[in-house]
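Everything on this sheet refers to the single structure shown next.
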Amino acid sequence: MKKVAFYTLGCKLNFSETSTLARLFEQRGYQRVEFTDTPDIFVINTCSVTENADKKCKKVVKEAKKVSPDSYVTIVGCYAQLKPKEISEITGVDAVLGAAEKFRLLDLLDGFEKKSEAVIHHSPISAATDYYCSFSQNDRTRTFLKVQDGCNYSCTFCTIPLARGDSRSDSIENIVRTARQIAQTDVKEVVLTGVNIGDFGLQNGMRTERFLDLIKALDEVDGIERFRISSIEPNLLTDEVIEFVAGSKKFVPHFHIPLQSGNNKILRMMRRRYKRELYAERVAKIKSLMPDCCIGVDVIIGFPGETEEDFLETYQFLNDLDISYLHVFTYSERANTHAITLPGVVSMADRNKRSQMLHILSDKKRRYFYEQQLGKVSIVLFEDDAEDGQMHGFTENYVRVTAKFDPVLVNELKPLRLTSINEKGTVEVEEMEHEVLAH
């Protein structure tokens, strides 16, 4: 029995697809092992959101060959679609598969026989029209369930439409069936993921269903305690979706909403489909219905043309918003995007300074949000991790808590009172009752 190991770079969507690839291998009689367990085959699922992700791919290949010098190394994912020739020339790589080919790798690679040079299976991105149902399993306490792939937006900084193709979705019927299958595995939380999940409902280029109807259907699935929406564009986060989540049985009060800039000039140059005023309205609407809702924000600093005044306007906008944390991305030049043709390149020194300012703001926002939750009772889902005798978990509204390790609590939901914030910035809890919630 040949041994195969997987390594995932990038987003939650990649995790769901790696896990699905692993199940395909197991169905064909391969044994899935850890990265360090001298595998015969490595499958590395790549990301290409930043230049750094490309460098990481090279590093992972190098480590793989150290662990198992005679192994067969296969590269899939976004970077593989964008730069197949470049990857094929990395020492140690045996095969590169594009977006349309990655789920057929077991058939295309014919027993993983090494050739004199790397094999490339790659089609233009227009060929990536099929939708592959994917979800993560046995990787962590929660499951990432892919509901949508690709993107029809043309943000000037982004390569994802070039790497994943047009927006396309599974049907609500299929997703509900998959969710019921996941429920049989004792998973308590499912995170809905995709490239642009608010655009859910396109099949064969035609809009057949809506995201609102998907979440309404999932809310009725027995056996899963929580659903979480991974990330949704502000222009697609409708009042109806917010109102549904506010009254939902299973969808938790947590939204991650990409902003990218708090300056309307920069938003226009990025070709984002909203102004900052709409973003502020979305946050106000959420907080009016769910005062304890956690709101995460993506923001890009150092975009071409972003002056110091533009950045300070973004900083002030974020400072004034009732949000809970930031994901800060430093703009990095990507081939074949419109943004690299724009004037006004921001120096790396300024990019780094702005990034640092927003990271500090994020820490303040998170701490303030956590302080607002102290004294309240929340339902915590504990993870399967132990560090210095402590375990961690998340509340419905994404407060990270810590407690003394107890194997009985792993993957259990437990009502606890949030008491204080420790020096690591996580929240300490105390027992409310001895019984774990009935399922």
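Quick note on naming: the chains in the structure tokens go A, B, ... in the order shown, residues restart at 1 in each chain, and ligands are numbered from 1 in order of appearance.
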How close does region 203-241 of chain A get to region 405-427 of chain A? List, as JSON lines, each residue of region 203-241 of chain A within 12 Å, its nearest atom pair and the distance in Å to one decimal, counting only C-alpha atoms.
```
{"residue": "A:Ile224", "atom": "CA", "partner": "A:Leu413", "partner_atom": "CA", "distance": 11.5}
{"residue": "A:Glu225", "atom": "CA", "partner": "A:Leu413", "partner_atom": "CA", "distance": 8.8}
{"residue": "A:Arg226", "atom": "CA", "partner": "A:Leu413", "partner_atom": "CA", "distance": 10.1}
```
List every residue of region 2-110 of chain A that DSSP, applied to the backbone of this structure, assigns to strand (DSSP E or B), and report them as a list in words.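 The strand (DSSP E or B) subset of region 2-110 of chain A is Lys3, Val4, Ala5, Phe6, Tyr7, Thr8, Gln31, Arg32, Ile41, Phe42, Val43, Ile44, Asn45, Thr46, Tyr72, Val73, Thr74, Ile75, Val76, Gly77, Ala95, Val96 and Leu97 of chain A.
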Output file for the residues above (N, CA, C and O atoms, as a short mmCIF file (atom, residue, chain, number, x, y, z; two decimals), in the first residue's frame):
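That gives us again06.cif:
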```cif
data_model
loop_
_atom_site.label_atom_id
_atom_site.label_comp_id
_atom_site.auth_asym_id
_atom_site.auth_seq_id
_atom_site.Cartn_x
_atom_site.Cartn_y
_atom_site.Cartn_z
N LYS A 3 2.03 5.10 0.42
CA LYS A 3 1.68 6.12 1.41
C LYS A 3 1.64 7.49 0.74
O LYS A 3 2.53 7.81 -0.07
N VAL A 4 0.64 8.29 1.09
CA VAL A 4 0.51 9.63 0.52
C VAL A 4 0.31 10.65 1.64
O VAL A 4 -0.39 10.38 2.62
N ALA A 5 0.98 11.81 1.50
CA ALA A 5 0.83 12.89 2.47
C ALA A 5 0.43 14.16 1.73
O ALA A 5 0.73 14.33 0.54
N PHE A 6 -0.27 15.03 2.44
CA PHE A 6 -0.80 16.25 1.84
C PHE A 6 -0.30 17.46 2.62
O PHE A 6 -0.10 17.40 3.83
N TYR A 7 -0.13 18.57 1.90
CA TYR A 7 0.21 19.82 2.55
C TYR A 7 -0.61 20.92 1.89
O TYR A 7 -0.67 21.00 0.66
N THR A 8 -1.27 21.75 2.72
CA THR A 8 -2.15 22.79 2.19
C THR A 8 -1.62 24.17 2.52
O THR A 8 -1.35 24.49 3.68
N GLN A 31 -2.66 4.77 1.49
CA GLN A 31 -2.69 5.05 2.93
C GLN A 31 -2.29 6.50 3.17
O GLN A 31 -1.20 6.92 2.79
N ARG A 32 -3.17 7.26 3.79
CA ARG A 32 -2.84 8.65 4.11
C ARG A 32 -1.97 8.70 5.35
O ARG A 32 -2.29 8.09 6.37
N ILE A 41 4.26 9.49 -1.92
CA ILE A 41 3.70 10.56 -2.75
C ILE A 41 3.38 11.76 -1.86
O ILE A 41 2.82 11.59 -0.77
N PHE A 42 3.73 12.95 -2.32
CA PHE A 42 3.28 14.19 -1.68
C PHE A 42 2.34 14.93 -2.63
O PHE A 42 2.63 15.03 -3.83
N VAL A 43 1.24 15.43 -2.10
CA VAL A 43 0.36 16.32 -2.87
C VAL A 43 0.35 17.67 -2.15
O VAL A 43 -0.06 17.76 -0.99
N ILE A 44 0.85 18.70 -2.83
CA ILE A 44 0.94 20.03 -2.22
C ILE A 44 -0.08 20.94 -2.91
O ILE A 44 -0.01 21.15 -4.13
N ASN A 45 -1.03 21.42 -2.12
CA ASN A 45 -2.11 22.27 -2.63
C ASN A 45 -1.73 23.73 -2.38
O ASN A 45 -1.61 24.15 -1.24
N THR A 46 -1.53 24.47 -3.46
CA THR A 46 -0.92 25.79 -3.35
C THR A 46 -1.93 26.93 -3.40
O THR A 46 -3.06 26.78 -3.88
N TYR A 72 7.33 11.01 -4.91
CA TYR A 72 6.75 11.63 -6.10
C TYR A 72 6.00 12.87 -5.62
O TYR A 72 5.09 12.77 -4.80
N VAL A 73 6.39 14.05 -6.12
CA VAL A 73 5.81 15.30 -5.63
C VAL A 73 4.88 15.91 -6.68
O VAL A 73 5.30 16.19 -7.81
N THR A 74 3.62 16.10 -6.29
CA THR A 74 2.59 16.64 -7.17
C THR A 74 2.13 18.00 -6.64
O THR A 74 1.83 18.13 -5.46
N ILE A 75 2.04 18.99 -7.52
CA ILE A 75 1.58 20.32 -7.12
C ILE A 75 0.24 20.60 -7.79
O ILE A 75 0.09 20.46 -9.00
N VAL A 76 -0.74 21.02 -6.97
CA VAL A 76 -2.05 21.43 -7.48
C VAL A 76 -2.38 22.79 -6.87
O VAL A 76 -1.61 23.34 -6.10
N GLY A 77 -3.55 23.34 -7.22
CA GLY A 77 -4.01 24.59 -6.59
C GLY A 77 -3.77 25.82 -7.45
O GLY A 77 -3.38 25.73 -8.62
N ALA A 95 5.04 16.46 -10.94
CA ALA A 95 3.83 16.72 -11.72
C ALA A 95 3.15 17.99 -11.25
O ALA A 95 3.18 18.33 -10.07
N VAL A 96 2.56 18.71 -12.22
CA VAL A 96 1.80 19.93 -11.93
C VAL A 96 0.44 19.78 -12.61
O VAL A 96 0.36 19.47 -13.80
N LEU A 97 -0.64 20.01 -11.84
CA LEU A 97 -1.99 19.90 -12.39
C LEU A 97 -2.76 21.19 -12.19
O LEU A 97 -2.77 21.75 -11.09
#
```
Near-region 203-212 of chain A list (6 Å; only C-alpha atoms; drop same-chain fewer than 2 positions) as JSON, numbers by chain: {"A": [168, 169, 198, 200, 201, 214, 215, 241]}
Considering only C-alpha atoms, can you say which of A:Gly98, A:Gly393, A:Pro258, A:Gly150 comes closest to Leu381 (chain A)? A:Gly393
A:Asn263, A:Met290, A:Val380, A:Ser68: which is nearest Glu34 (chain A), counting only C-alpha atoms?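 Of all the options, A:Ser68 lies closest to Glu34 (chain A).
If you measure from each of A:Val93, A:Leu259, A:Met391, A:Tyr325 to Val299 (chain A) using only C-alpha atoms, the closest one turns out to be A:Leu259.
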Quick one: residues within 9 Å of region 179-184 of chain A, only C-alpha atoms counted, chain neighbours fewer than 5 positions away excluded, as a VMD selection string? chain A and resid 135 137 143 145 174 190 218 221 to 224
Preceding selection exported with C-alpha atoms as a short mmCIF file (atom, residue, chain, number, x, y, z; two decimals), in the first residue's frame:
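Saved the output as out.cif:
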```
data_model
loop_
_atom_site.label_atom_id
_atom_site.label_comp_id
_atom_site.auth_asym_id
_atom_site.auth_seq_id
_atom_site.Cartn_x
_atom_site.Cartn_y
_atom_site.Cartn_z
CA PHE A 135 -15.40 19.26 2.51
CA GLN A 137 -12.87 15.77 7.42
CA THR A 143 -15.58 21.03 8.89
CA LEU A 145 -17.87 22.80 3.41
CA ASN A 174 -26.51 18.38 -2.99
CA VAL A 190 -19.64 23.52 9.67
CA LEU A 218 -29.01 24.25 6.05
CA VAL A 221 -30.25 20.02 8.95
CA ASP A 222 -30.34 17.79 12.04
CA GLY A 223 -27.13 16.79 13.81
CA ILE A 224 -25.03 19.90 13.16
#
```
Determine, using only C-alpha atoms, which residues of region 82-172 of chain A have any atom at most 12 Å from an atom of region 331-340 of chain A, and tabulate each with its shortest atom pair and distance in Å to one decimal place, rows ordered by chain and then rising number, as CSV.
```
residue,atom,partner,partner_atom,distance
A:Leu82,CA,A:Ala335,CA,9.2
A:Lys83,CA,A:Ala335,CA,10.0
A:Ser154,CA,A:His338,CA,9.1
A:Cys155,CA,A:His338,CA,8.4
A:Thr156,CA,A:His338,CA,4.9
A:Phe157,CA,A:Ala339,CA,5.3
A:Cys158,CA,A:Thr337,CA,6.6
A:Thr159,CA,A:Thr337,CA,6.7
A:Ile160,CA,A:Thr337,CA,10.2
A:Pro161,CA,A:Thr337,CA,10.4
A:Leu162,CA,A:Asn336,CA,8.7
A:Ala163,CA,A:Asn336,CA,11.2
```
Can you tell me how far CA of Val283 (chain A) sits from CA of Tyr153 (chain A), in Å to one decimal?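 CA of Tyr153 (chain A) lies 22.4 Å from CA of Val283 (chain A).
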Can you work out the spacing between CA of Tyr274 (chain A) and CA of Gly194 (chain A) in Å, to one decimal?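 Interatomic distance, CA of Tyr274 (chain A) to CA of Gly194 (chain A): 20.2 Å.
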Residues within 8 Å of Asp166 (chain A), please, as a ChimeraX atom specification. Count only C-alpha atoms; anything in the same chain fewer than 2 positions from it doesn't count. /A:126,128-129,149-152,161,164,168
Excluding Arg104 (chain A) and residues on its chain fewer than 4 positions from it, collect all residues at most 12 Å away from it, counting only C-alpha atoms, and give them as a PyMOL selection string. chain A and resi 20-21+24-25+76+97-100+108-110+121-122+130+132
Shell of 9 Å around Phe15 (chain A), only C-alpha atoms, local chain residues under 2 positions omitted, as an mmCIF file with all heavy atoms, in the first residue's frame:
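Final output, part-v6.cif:
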```
data_model
loop_
_atom_site.group_PDB
_atom_site.id
_atom_site.type_symbol
_atom_site.label_atom_id
_atom_site.label_comp_id
_atom_site.auth_asym_id
_atom_site.auth_seq_id
_atom_site.Cartn_x
_atom_site.Cartn_y
_atom_site.Cartn_z
ATOM 1 N N THR A 8 -1.268 21.753 2.721
ATOM 2 C CA THR A 8 -2.150 22.789 2.193
ATOM 3 C C THR A 8 -1.619 24.171 2.520
ATOM 4 O O THR A 8 -1.355 24.485 3.678
ATOM 5 C CB THR A 8 -3.567 22.648 2.789
ATOM 6 O OG1 THR A 8 -4.029 21.318 2.585
ATOM 7 C CG2 THR A 8 -4.536 23.629 2.140
ATOM 8 N N LEU A 9 -1.485 24.989 1.488
ATOM 9 C CA LEU A 9 -1.168 26.404 1.664
ATOM 10 C C LEU A 9 -2.437 27.195 1.364
ATOM 11 O O LEU A 9 -3.210 26.834 0.482
ATOM 12 C CB LEU A 9 -0.067 26.820 0.683
ATOM 13 C CG LEU A 9 1.303 26.200 0.942
ATOM 14 C CD1 LEU A 9 2.144 26.198 -0.332
ATOM 15 C CD2 LEU A 9 2.030 26.973 2.031
ATOM 16 N N GLY A 10 -2.658 28.277 2.132
ATOM 17 C CA GLY A 10 -3.763 29.159 1.768
ATOM 18 C C GLY A 10 -5.033 28.981 2.557
ATOM 19 O O GLY A 10 -5.003 28.679 3.750
ATOM 20 N N CYS A 11 -6.151 29.103 1.849
ATOM 21 C CA CYS A 11 -7.439 29.386 2.474
ATOM 22 C C CYS A 11 -8.196 28.133 2.929
ATOM 23 O O CYS A 11 -7.802 27.003 2.665
ATOM 24 C CB CYS A 11 -8.296 30.157 1.486
ATOM 25 S SG CYS A 11 -8.632 29.214 -0.031
ATOM 26 N N LYS A 12 -9.319 28.388 3.596
ATOM 27 C CA LYS A 12 -10.198 27.316 4.063
ATOM 28 C C LYS A 12 -10.722 26.477 2.894
ATOM 29 O O LYS A 12 -10.942 25.284 3.018
ATOM 30 C CB LYS A 12 -11.387 27.903 4.834
ATOM 31 C CG LYS A 12 -10.993 28.641 6.113
ATOM 32 C CD LYS A 12 -12.236 29.196 6.803
ATOM 33 C CE LYS A 12 -11.895 29.794 8.156
ATOM 34 N NZ LYS A 12 -11.681 31.236 8.126
ATOM 35 N N LEU A 13 -10.928 27.140 1.764
ATOM 36 C CA LEU A 13 -11.392 26.432 0.567
ATOM 37 C C LEU A 13 -10.366 25.375 0.160
ATOM 38 O O LEU A 13 -10.720 24.235 -0.175
ATOM 39 C CB LEU A 13 -11.615 27.446 -0.560
ATOM 40 C CG LEU A 13 -12.162 26.926 -1.884
ATOM 41 C CD1 LEU A 13 -13.465 26.175 -1.684
ATOM 42 C CD2 LEU A 13 -12.365 28.078 -2.847
ATOM 43 N N GLU A 17 -10.705 21.176 -0.154
ATOM 44 C CA GLU A 17 -10.369 20.430 -1.373
ATOM 45 C C GLU A 17 -9.259 19.405 -1.119
ATOM 46 O O GLU A 17 -9.297 18.301 -1.672
ATOM 47 C CB GLU A 17 -9.986 21.412 -2.489
ATOM 48 C CG GLU A 17 -11.185 22.241 -2.920
ATOM 49 C CD GLU A 17 -10.934 23.141 -4.120
ATOM 50 O OE1 GLU A 17 -9.765 23.471 -4.401
ATOM 51 O OE2 GLU A 17 -11.916 23.500 -4.776
ATOM 52 N N THR A 18 -8.277 19.760 -0.282
ATOM 53 C CA THR A 18 -7.221 18.792 0.063
ATOM 54 C C THR A 18 -7.834 17.565 0.726
ATOM 55 O O THR A 18 -7.477 16.419 0.416
ATOM 56 C CB THR A 18 -6.187 19.430 1.017
ATOM 57 O OG1 THR A 18 -5.560 20.519 0.347
ATOM 58 C CG2 THR A 18 -5.122 18.423 1.421
ATOM 59 N N SER A 19 -8.752 17.795 1.653
ATOM 60 C CA SER A 19 -9.386 16.687 2.363
ATOM 61 C C SER A 19 -10.155 15.783 1.395
ATOM 62 O O SER A 19 -10.145 14.554 1.513
ATOM 63 C CB SER A 19 -10.335 17.257 3.432
ATOM 64 O OG SER A 19 -10.654 16.295 4.383
ATOM 65 N N THR A 20 -10.796 16.397 0.409
ATOM 66 C CA THR A 20 -11.532 15.625 -0.603
ATOM 67 C C THR A 20 -10.566 14.808 -1.468
ATOM 68 O O THR A 20 -10.822 13.630 -1.770
ATOM 69 C CB THR A 20 -12.386 16.577 -1.458
ATOM 70 O OG1 THR A 20 -13.333 17.215 -0.590
ATOM 71 C CG2 THR A 20 -13.134 15.840 -2.559
ATOM 72 N N ASN A 45 -1.033 21.418 -2.116
ATOM 73 C CA ASN A 45 -2.112 22.267 -2.632
ATOM 74 C C ASN A 45 -1.733 23.725 -2.383
ATOM 75 O O ASN A 45 -1.608 24.147 -1.244
ATOM 76 C CB ASN A 45 -3.426 21.907 -1.925
ATOM 77 C CG ASN A 45 -4.636 22.509 -2.620
ATOM 78 O OD1 ASN A 45 -4.510 23.250 -3.593
ATOM 79 N ND2 ASN A 45 -5.816 22.196 -2.108
ATOM 80 N N PHE A 135 -15.308 18.880 1.100
ATOM 81 C CA PHE A 135 -15.398 19.257 2.510
ATOM 82 C C PHE A 135 -14.237 18.621 3.254
ATOM 83 O O PHE A 135 -13.727 17.581 2.869
ATOM 84 C CB PHE A 135 -16.742 18.859 3.134
ATOM 85 C CG PHE A 135 -17.040 17.382 3.141
ATOM 86 C CD1 PHE A 135 -16.711 16.580 4.229
ATOM 87 C CD2 PHE A 135 -17.653 16.791 2.042
ATOM 88 C CE1 PHE A 135 -16.988 15.218 4.232
ATOM 89 C CE2 PHE A 135 -17.934 15.432 2.033
ATOM 90 C CZ PHE A 135 -17.601 14.641 3.130
ATOM 91 N N SER A 136 -13.800 19.305 4.325
ATOM 92 C CA SER A 136 -12.695 18.773 5.115
ATOM 93 C C SER A 136 -13.240 17.787 6.134
ATOM 94 O O SER A 136 -14.368 17.912 6.600
ATOM 95 C CB SER A 136 -11.952 19.912 5.814
ATOM 96 O OG SER A 136 -12.805 20.562 6.726
ATOM 97 N N ASP A 139 -9.675 16.628 9.990
ATOM 98 C CA ASP A 139 -8.512 17.511 10.071
ATOM 99 C C ASP A 139 -8.559 18.357 11.339
ATOM 100 O O ASP A 139 -7.563 18.688 11.915
ATOM 101 C CB ASP A 139 -8.459 18.455 8.854
ATOM 102 C CG ASP A 139 -8.223 17.689 7.560
ATOM 103 O OD1 ASP A 139 -7.603 16.629 7.641
ATOM 104 O OD2 ASP A 139 -8.669 18.149 6.503
ATOM 105 N N PHE A 144 -14.930 22.372 6.984
ATOM 106 C CA PHE A 144 -15.113 23.399 5.966
ATOM 107 C C PHE A 144 -15.861 22.774 4.790
ATOM 108 O O PHE A 144 -15.380 21.818 4.189
ATOM 109 C CB PHE A 144 -13.758 23.949 5.497
ATOM 110 C CG PHE A 144 -12.958 24.584 6.597
ATOM 111 C CD1 PHE A 144 -11.701 24.093 6.937
ATOM 112 C CD2 PHE A 144 -13.458 25.659 7.300
ATOM 113 C CE1 PHE A 144 -10.962 24.671 7.953
ATOM 114 C CE2 PHE A 144 -12.725 26.249 8.324
ATOM 115 C CZ PHE A 144 -11.479 25.756 8.654
#
```
Pull the closest atom pair for each residue of region 256-342 of chain A that gets at most 9 Å from region 367-371 of chain A, along with the distance in Å to one decimal, counting only C-alpha atoms, ordering rows by chain and then ascending residue number, as CSV.
```
residue,atom,partner,partner_atom,distance
A:Asp292,CA,A:Phe369,CA,8.4
A:Cys294,CA,A:Phe369,CA,7.9
A:Asp322,CA,A:Phe369,CA,8.9
A:Ile323,CA,A:Phe369,CA,7.9
A:Ser324,CA,A:Phe369,CA,5.6
A:Tyr325,CA,A:Phe369,CA,8.5
```
Pull C-alpha atoms from the residues just selected and write them as a tab-separated table (two decimals), in the first residue's frame.
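As a result, selection32.tsv now contains:
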```tsv
chain	number	residue	atom	x	y	z
A	292	ASP	CA	-22.61	40.76	20.39
A	294	CYS	CA	-18.25	39.31	15.86
A	322	ASP	CA	-17.87	48.63	15.58
A	323	ILE	CA	-15.79	45.70	14.33
A	324	SER	CA	-13.93	42.93	16.19
A	325	TYR	CA	-10.65	42.17	14.35
```
May I ask which of the residues A:Arg272, A:Arg366, A:Lys249, A:Lys285 is the closest one to Val297 (chain A), counting only C-alpha atoms? A:Arg366
The distance between CA of Phe303 (chain A) and CA of Arg351 (chain A) is 8.7 Å
Among region 199-274 of chain A, which residues carry a DSSP assignment of alpha helix (DSSP H), reported as a PyMOL selection string? chain A and resi 211-218+239-247+264-270
Given only C-alpha atoms as the counted atoms, nearest of A:Lys58, A:Tyr131, A:Asp385, A:Glu428 to Val401 (chain A):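 Looking at the shortest contact to Val401 (chain A), the residue is A:Glu428.
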